There are 2 protein chains.
Amino acid sequence: MGYGLPALEELVESFRKIKGVGRKSAERMAFEVLNFSDEKAEAFAASIVNAKKKIKKCSNCFNFSEGEVCPVCSDPERDRSTVCVVEDARTVFALENVRNYKGTYHVLEGAISPLEGKGPAQLRIKELLERINNENIGEVIVATNSTAEGETTAMYLAKLISPLGVKVTRLAYGIPFGGELDHADEITLSRAIEGRREIN
Amino acid sequence: MGYGLPALEELVESFRKIKGVGRKSAERMAFEVLNFSDEKAEAFAASIVNAKKKIKKCSNCFNFSEGEVCPVCSDPERDRSTVCVVEDARTVFALENVRNYKGTYHVLEGAISPLEGKGPAQLRIKELLERINNENIGEVIVATNSTAEGETTAMYLAKLISPLGVKVTRLAYGIPFGGELDHADEITLSRAIEGRREIN
């Protein structure tokens, strides 16, 4: 790679360090950044340092937060009896964009993955149990991903929490809105049939 | 968007300012950067500022360069009689990775695009003509993109440069290596037939 431009190669390598960014994308973005004005490039660099400096984790739910407690946990309007459990803070962001969930969150910081050597002890499950003990929680919505790891985690949590007298629910599976049936995979279709609802 | 994390929103907006990066990608990358260590995030920010500071344009060919003249133009091994004309410096990067081109380059900094109000005067065509006058150039390979703008620019350059007694060539069109014929579009197929070569 490259032809004697170490500063450019370093910038490409910086972009490649972002998970999910491949060589071509990293090169494309690095060249775009070189076309930025000096001010725009400096603002970009400053926003990275600023975000890292200001954004910490909420001490209650482990969502990203600029203060000790995140905006959701500190909002008196939120329904504290319902907790939505997610794998990472990005899911909180996505769910907050939907704007129809009014409960709180709990970020596990991952999912049970024996292949990656990640067990329940590596997740924020202890902290979730503490919240169930201390707060008046009536329902835990398990919104882990629909992957093998996410499903395993959901089953584990259900077995752990249901005996405590707390209702445990899982997000509905089905055809994505706007999705065409002939494009859906078999597992999605089979779950959409299982979860069918009466129209009334 | 967002839920009261201005530093995160600013970081997402920073990524969105990179041409070709959409909202979802910007969010994904911003969250990945938040998971960086402080050192890694600072190194990322520094590489942006450093690249912008160090990388200028070559005064001869307008390729990116850390010095007054780029590594290609200053390499005595390169064949100065052949100039490959490209729309942007990224193409130089791509062609240099191929490692079988031994001539020099000339970066136009765009293509003729009446829709964007970009005419020949906005491109580095004057500088190309100066090089043809001053250097002993025997062939100009026009490697503009295979788009309407790139083709227009190639035709314009051919009409301008051929009368000066300089050979003007264009990159070969055809089926991409590894490409299946039934996946190629009609124009590509038609050009592959036009450009067919005898096997011997």
# chains A, B, ... in the order shown; residues from 1 in each chain; ligands from 1
call {"tool": "interface_residues", "arguments": {"of": "chain B", "to": "chain A", "cutoff": "6 Å", "atoms": "only C-alpha atoms", "output": "JSON, numbers by chain"}}
result
{"B": [1, 7, 8, 11, 14, 34, 44, 45, 47, 51, 52, 97]}
call {"tool": "write_last_selection", "arguments": {"atoms": "N, CA and C atoms", "output": "PDB file, in the first residue's frame"}}
result
ATOM      1  N   MET B   1     -32.750  12.492  16.634  1.00  0.00           N
ATOM      2  CA  MET B   1     -31.618  11.645  17.001  1.00  0.00           C
ATOM      3  C   MET B   1     -31.124  11.940  18.410  1.00  0.00           C
ATOM      4  N   ALA B   7     -22.004  15.388  22.902  1.00  0.00           N
ATOM      5  CA  ALA B   7     -20.659  15.035  22.422  1.00  0.00           C
ATOM      6  C   ALA B   7     -20.731  13.843  21.467  1.00  0.00           C
ATOM      7  N   LEU B   8     -21.667  12.925  21.743  1.00  0.00           N
ATOM      8  CA  LEU B   8     -21.853  11.772  20.861  1.00  0.00           C
ATOM      9  C   LEU B   8     -22.483  12.216  19.544  1.00  0.00           C
ATOM     10  N   LEU B  11     -19.982  13.778  17.352  1.00  0.00           N
ATOM     11  CA  LEU B  11     -19.079  12.792  16.751  1.00  0.00           C
ATOM     12  C   LEU B  11     -19.756  12.107  15.555  1.00  0.00           C
ATOM     13  N   SER B  14     -19.732  14.442  12.736  1.00  0.00           N
ATOM     14  CA  SER B  14     -18.390  14.516  12.154  1.00  0.00           C
ATOM     15  C   SER B  14     -18.209  13.421  11.110  1.00  0.00           C
ATOM     16  N   LEU B  34     -16.133   5.231  20.576  1.00  0.00           N
ATOM     17  CA  LEU B  34     -16.348   5.373  22.024  1.00  0.00           C
ATOM     18  C   LEU B  34     -15.800   4.171  22.776  1.00  0.00           C
ATOM     19  N   PHE B  44      -6.038   8.412  16.841  1.00  0.00           N
ATOM     20  CA  PHE B  44      -6.917   8.603  15.679  1.00  0.00           C
ATOM     21  C   PHE B  44      -7.023  10.098  15.369  1.00  0.00           C
ATOM     22  N   ALA B  45      -7.355  10.874  16.393  1.00  0.00           N
ATOM     23  CA  ALA B  45      -7.499  12.321  16.216  1.00  0.00           C
ATOM     24  C   ALA B  45      -6.196  12.939  15.707  1.00  0.00           C
ATOM     25  N   SER B  47      -3.844  11.505  13.993  1.00  0.00           N
ATOM     26  CA  SER B  47      -3.526  11.114  12.613  1.00  0.00           C
ATOM     27  C   SER B  47      -4.297  11.974  11.610  1.00  0.00           C
ATOM     28  N   ALA B  51      -2.166  14.266   9.151  1.00  0.00           N
ATOM     29  CA  ALA B  51      -2.274  14.048   7.698  1.00  0.00           C
ATOM     30  C   ALA B  51      -2.624  15.362   6.997  1.00  0.00           C
ATOM     31  N   LYS B  52      -3.585  16.106   7.588  1.00  0.00           N
ATOM     32  CA  LYS B  52      -3.973  17.387   6.984  1.00  0.00           C
ATOM     33  C   LYS B  52      -2.794  18.363   6.956  1.00  0.00           C
ATOM     34  N   ASN B  97      -0.813   0.776  -6.448  1.00  0.00           N
ATOM     35  CA  ASN B  97      -0.904  -0.536  -5.804  1.00  0.00           C
ATOM     36  C   ASN B  97      -0.723  -1.664  -6.811  1.00  0.00           C
TER      37      ASN B  97
END
call {"tool": "select_by_dssp", "arguments": {"residues": "range 68-185 of chain B", "states": "strand (DSSP E)", "output": "tab-separated table (two decimals) with N, CA and C atoms, in the first residue's frame"}}
result
chain	number	residue	atom	x	y	z
B	79	ASP	N	9.37	6.68	-15.80
B	79	ASP	CA	9.44	7.06	-17.21
B	79	ASP	C	8.66	8.37	-17.42
B	80	ARG	N	9.39	9.46	-17.65
B	80	ARG	CA	8.77	10.78	-17.75
B	80	ARG	C	8.09	11.03	-19.10
B	81	SER	N	8.22	10.07	-20.03
B	81	SER	CA	7.62	10.29	-21.36
B	81	SER	C	6.14	9.86	-21.39
B	82	THR	N	5.69	9.16	-20.34
B	82	THR	CA	4.31	8.71	-20.30
B	82	THR	C	3.60	9.32	-19.09
B	83	VAL	N	2.47	9.96	-19.33
B	83	VAL	CA	1.71	10.58	-18.24
B	83	VAL	C	0.32	9.96	-18.18
B	84	CYS	N	-0.06	9.49	-17.02
B	84	CYS	CA	-1.40	8.93	-16.84
B	84	CYS	C	-2.27	10.00	-16.19
B	85	VAL	N	-3.33	10.43	-16.90
B	85	VAL	CA	-4.18	11.50	-16.41
B	85	VAL	C	-5.37	10.91	-15.66
B	86	VAL	N	-5.53	11.30	-14.39
B	86	VAL	CA	-6.61	10.76	-13.56
B	86	VAL	C	-7.46	11.90	-13.00
B	103	GLY	N	5.19	5.06	-15.54
B	103	GLY	CA	5.22	6.46	-15.97
B	103	GLY	C	4.87	7.39	-14.81
B	104	THR	N	4.50	8.62	-15.14
B	104	THR	CA	4.09	9.58	-14.10
B	104	THR	C	2.58	9.80	-14.19
B	105	TYR	N	2.08	10.70	-13.36
B	105	TYR	CA	0.64	10.98	-13.31
B	105	TYR	C	0.36	12.46	-13.50
B	106	HIS	N	-0.91	12.76	-13.76
B	106	HIS	CA	-1.38	14.15	-13.69
B	106	HIS	C	-2.81	14.11	-13.16
B	107	VAL	N	-3.01	14.75	-12.02
B	107	VAL	CA	-4.33	14.73	-11.38
B	107	VAL	C	-5.13	15.95	-11.83
B	139	GLU	N	3.32	10.08	-24.66
B	139	GLU	CA	2.00	9.46	-24.56
B	139	GLU	C	1.25	9.94	-23.33
B	140	VAL	N	-0.04	10.25	-23.54
B	140	VAL	CA	-0.92	10.60	-22.42
B	140	VAL	C	-1.98	9.51	-22.33
B	141	ILE	N	-1.98	8.77	-21.21
B	141	ILE	CA	-2.99	7.73	-21.00
B	141	ILE	C	-4.13	8.38	-20.21
B	142	VAL	N	-5.31	8.45	-20.80
B	142	VAL	CA	-6.42	9.11	-20.11
B	142	VAL	C	-7.16	8.08	-19.27
B	167	LYS	N	0.66	11.06	-28.48
B	167	LYS	CA	-0.26	9.92	-28.55
B	167	LYS	C	-1.18	9.97	-27.34
B	168	VAL	N	-2.50	9.86	-27.59
B	168	VAL	CA	-3.45	9.84	-26.48
B	168	VAL	C	-4.12	8.47	-26.45
B	169	THR	N	-4.04	7.78	-25.31
B	169	THR	CA	-4.68	6.46	-25.20
B	169	THR	C	-5.67	6.47	-24.04
B	170	ARG	N	-6.51	5.43	-24.04
B	170	ARG	CA	-7.53	5.31	-22.99
B	170	ARG	C	-7.37	3.91	-22.41
call {"tool": "select_by_dssp", "arguments": {"residues": "chain B", "states": "helix (DSSP H, G or I)", "output": "ChimeraX atom specification"}}
result
/B:6-16,23-34,38-54,89-98,114-116,120-122,125-134,148-164,181-183,186-194
call {"tool": "residues_around", "arguments": {"residues": "range 182-196 of chain A", "least_positions_apart": "6", "cutoff": "10 Å", "atoms": "only C-alpha atoms", "output": "PyMOL selection string"}}
result
chain A and resi 172-176
call {"tool": "write_last_selection", "arguments": {"atoms": "all heavy atoms", "output": "compact mmCIF listing (two decimals), in the first residue's frame"}}
result
# COMPACT_ATOMS: atom_id res chain seq x y z
N ALA A 172 -40.83 -9.09 19.82
CA ALA A 172 -41.54 -9.94 18.85
C ALA A 172 -40.65 -10.22 17.65
O ALA A 172 -39.91 -9.35 17.18
CB ALA A 172 -42.81 -9.24 18.40
N TYR A 173 -40.72 -11.44 17.16
CA TYR A 173 -40.06 -11.78 15.91
C TYR A 173 -41.08 -11.74 14.79
O TYR A 173 -42.26 -12.04 15.00
CB TYR A 173 -39.54 -13.22 15.95
CG TYR A 173 -38.37 -13.42 16.84
CD1 TYR A 173 -38.50 -14.14 18.01
CD2 TYR A 173 -37.15 -12.88 16.49
CE1 TYR A 173 -37.41 -14.34 18.84
CE2 TYR A 173 -36.05 -13.07 17.30
CZ TYR A 173 -36.19 -13.81 18.48
OH TYR A 173 -35.12 -14.00 19.29
N GLY A 174 -40.65 -11.43 13.60
CA GLY A 174 -41.59 -11.48 12.48
C GLY A 174 -41.01 -10.84 11.25
O GLY A 174 -39.82 -10.56 11.16
N ILE A 175 -41.90 -10.60 10.31
CA ILE A 175 -41.50 -9.98 9.05
C ILE A 175 -41.20 -8.51 9.32
O ILE A 175 -42.01 -7.82 9.93
CB ILE A 175 -42.68 -10.06 8.05
CG1 ILE A 175 -43.29 -11.47 8.00
CG2 ILE A 175 -42.28 -9.56 6.68
CD1 ILE A 175 -42.32 -12.52 7.55
N PRO A 176 -40.05 -8.00 8.88
CA PRO A 176 -39.79 -6.56 9.07
C PRO A 176 -40.82 -5.74 8.31
O PRO A 176 -41.27 -6.15 7.25
CB PRO A 176 -38.40 -6.35 8.48
CG PRO A 176 -37.94 -7.64 7.93
CD PRO A 176 -39.01 -8.66 8.10
call {"tool": "residues_around", "arguments": {"residues": "Ser113 in chain B", "least_positions_apart": "5", "cutoff": "8 Å", "atoms": "only C-alpha atoms", "output": "NGL selection string"}}
result
:B and (118-119 or 149)
call {"tool": "write_last_selection", "arguments": {"atoms": "N, CA, C and O atoms", "output": "PDB file, in the first residue's frame"}}
result
ATOM      1  N   LYS B 118     -18.774  22.579 -13.818  1.00  0.00           N
ATOM      2  CA  LYS B 118     -17.335  22.363 -13.871  1.00  0.00           C
ATOM      3  C   LYS B 118     -16.886  22.236 -15.318  1.00  0.00           C
ATOM      4  O   LYS B 118     -17.225  21.268 -16.007  1.00  0.00           O
ATOM      5  N   GLY B 119     -16.160  23.215 -15.811  1.00  0.00           N
ATOM      6  CA  GLY B 119     -15.642  23.190 -17.169  1.00  0.00           C
ATOM      7  C   GLY B 119     -14.151  22.931 -17.172  1.00  0.00           C
ATOM      8  O   GLY B 119     -13.545  22.804 -16.103  1.00  0.00           O
ATOM      9  N   GLU B 149     -19.168  11.979 -17.240  1.00  0.00           N
ATOM     10  CA  GLU B 149     -18.228  13.077 -17.029  1.00  0.00           C
ATOM     11  C   GLU B 149     -16.805  12.666 -17.426  1.00  0.00           C
ATOM     12  O   GLU B 149     -16.087  13.427 -18.070  1.00  0.00           O
TER      13      GLU B 149
END
call {"tool": "atom_distance", "arguments": {"atom1": "CA of Leu129 in chain B", "atom2": "CA of Ser146 in chain B"}}
result
22.7 Å
call {"tool": "residues_around", "arguments": {"residues": "Leu108 in chain B", "least_positions_apart": "5", "cutoff": "6 Å", "atoms": "only C-alpha atoms", "output": "PyMOL selection string"}}
result
chain B and resi 87+123-124
call {"tool": "write_last_selection", "arguments": {"atoms": "N, CA and C atoms", "output": "compact mmCIF listing (two decimals), in the first residue's frame"}}
result
# COMPACT_ATOMS: atom_id res chain seq x y z
N GLU B 87 -8.67 11.53 -12.54
CA GLU B 87 -9.54 12.57 -11.98
C GLU B 87 -9.09 13.00 -10.60
N LEU B 123 -10.37 22.57 -14.15
CA LEU B 123 -9.51 21.40 -13.98
C LEU B 123 -8.05 21.78 -14.23
N ARG B 124 -7.14 20.87 -13.89
CA ARG B 124 -5.69 21.15 -14.04
C ARG B 124 -5.23 20.84 -15.46
call {"tool": "residues_around", "arguments": {"residues": "Tyr156 in chain B", "least_positions_apart": "2", "cutoff": "12 Å", "atoms": "only C-alpha atoms", "output": "ChimeraX atom specification"}}
result
/B:111-113,119-120,123,125,142,144,149-154,158-162,168
call {"tool": "atom_distance", "arguments": {"atom1": "CA of Lys102 in chain A", "atom2": "CA of Cys73 in chain A"}}
result
11.0 Å
